[in-house]
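Worksheet: one structure, shown below.
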Amino acid sequence: MESIFFLLLIVGSFYLLAIRPQKARLRALRETQEALQPGLAVMTTAGLYGTVTRVTDEDVHLEVAPGVEVRFARAAVARRVDEPTGGGSAATHDGAATDSTDPASIPPG
């Protein structure tokens with residue numbers, strides 16, 4: 001009887017810790033891909049950031065730079081991006097990099 005209890009405990013734990021969260025992530029991803037519309041800032045599974053310009057049943061067109069539009073499979077959209085994420089260096093609107101670890105910005109001495 002104890003062995004059945006432990007088996008059920010292991011299966012239940014596996015479901016709660018692995019399967020259920022994965023289903024929730026997949027559901028959120030599917031909802032994001034279905035809600036695509038022009039003007040949304042998104043990131044693809046390859047890490048490319050862009051703004052949605054057109055959406056078809058299977059494709060999404062992203063503007064990745066002014067005047068540069070690329071076509072991706074709708075399933076390639078990983079997430080919606082509300083504002084730029086912090087990273088190593090961030091580009092400003094004029095294209096200049098702003099990075100606090102730039103050697104020119106470190107005072108000598």
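Residues are named by chain letter and number: chains run A, B, ... in the order of the structure tokens, numbers start at 1 in each chain, and ligands are numbered from 1 in the order shown.
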
Check the DSSP output for the backbone and give back, as an NGL selection string, the residues of region 19-83 of chain A in alpha helix (DSSP H).
-> :A and (20-34)

Excluding Gly67 (chain A) and any residue of its chain fewer than 3 positions from it, enumerate the residues within 12 Å of it, using only C-alpha atoms, and give them as an MDAnalysis selection string.
-> chainID A and resid 50:51 53 62:64 70

Writing out the chosen residues with N, CA, C and O atoms as an mmCIF file, in the first residue's frame:
```cif
data_model
loop_
_atom_site.group_PDB
_atom_site.id
_atom_site.type_symbol
_atom_site.label_atom_id
_atom_site.label_comp_id
_atom_site.auth_asym_id
_atom_site.auth_seq_id
_atom_site.Cartn_x
_atom_site.Cartn_y
_atom_site.Cartn_z
ATOM 1 N N GLY A 50 11.361 43.405 -33.588
ATOM 2 C CA GLY A 50 10.749 44.154 -34.666
ATOM 3 C C GLY A 50 9.345 44.582 -34.315
ATOM 4 O O GLY A 50 8.786 44.194 -33.288
ATOM 5 N N THR A 51 8.771 45.394 -35.201
ATOM 6 C CA THR A 51 7.403 45.865 -35.039
ATOM 7 C C THR A 51 6.538 45.218 -36.106
ATOM 8 O O THR A 51 6.893 45.228 -37.293
ATOM 9 N N THR A 53 4.041 44.740 -38.916
ATOM 10 C CA THR A 53 3.446 45.621 -39.917
ATOM 11 C C THR A 53 2.246 44.976 -40.591
ATOM 12 O O THR A 53 1.293 45.662 -40.917
ATOM 13 N N LEU A 62 7.568 41.845 -40.101
ATOM 14 C CA LEU A 62 8.149 42.685 -39.068
ATOM 15 C C LEU A 62 9.036 43.742 -39.682
ATOM 16 O O LEU A 62 9.831 43.452 -40.578
ATOM 17 N N GLU A 63 8.919 44.965 -39.177
ATOM 18 C CA GLU A 63 9.848 46.021 -39.563
ATOM 19 C C GLU A 63 10.961 46.002 -38.521
ATOM 20 O O GLU A 63 10.728 46.265 -37.344
ATOM 21 N N VAL A 64 12.181 45.663 -38.962
ATOM 22 C CA VAL A 64 13.303 45.510 -38.037
ATOM 23 C C VAL A 64 14.201 46.736 -38.024
ATOM 24 O O VAL A 64 15.020 46.902 -37.119
ATOM 25 N N VAL A 70 10.832 42.183 -42.859
ATOM 26 C CA VAL A 70 11.120 40.759 -43.053
ATOM 27 C C VAL A 70 9.862 39.958 -42.750
ATOM 28 O O VAL A 70 9.003 40.394 -41.991
#
```

Would you kindly return, as number ranges by chain, each protein, DNA or RNA residue with an atom no farther than 7 Å from any atom of region 25-37 of chain A, considering only C-alpha atoms and excluding same-chain residues fewer than 6 positions away?
-> A: 52, 55, 74-75, 77-79

Prev. selection, C-alpha atoms, output as an mmCIF file, in the first residue's frame:
```
data_model
loop_
_atom_site.group_PDB
_atom_site.id
_atom_site.type_symbol
_atom_site.label_atom_id
_atom_site.label_comp_id
_atom_site.auth_asym_id
_atom_site.auth_seq_id
_atom_site.Cartn_x
_atom_site.Cartn_y
_atom_site.Cartn_z
ATOM 1 C CA VAL A 52 4.508 43.992 -36.645
ATOM 2 C CA VAL A 55 -0.325 39.670 -40.228
ATOM 3 C CA ARG A 74 3.647 33.327 -37.193
ATOM 4 C CA ALA A 75 4.892 30.530 -34.913
ATOM 5 C CA VAL A 77 7.040 35.026 -32.606
ATOM 6 C CA ALA A 78 8.217 34.247 -29.077
ATOM 7 C CA ARG A 79 6.868 37.145 -27.061
#
```

Pick the closest to Gly47 (chain A) from A:Ala76, A:Val11, A:Ala18, A:Ala65: which is it, counting only C-alpha atoms?
->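 Of the candidates, the smallest distance to Gly47 (chain A) is held by A:Ala76.
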
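For the atom pair formed by CA of Asp59 (chain A) and CA of Ala73 (chain A), the distance is 4.5 Å, given to one decimal.
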
Mind giving me the straight-line distance from CA of Phe14 (chain A) to CA of Glu2 (chain A) in Å, one decimal?
-> 18.3 Å

So what do you get for CA of Arg80 (chain A) versus CA of Ala46 (chain A), distance-wise?
-> 13.7 Å
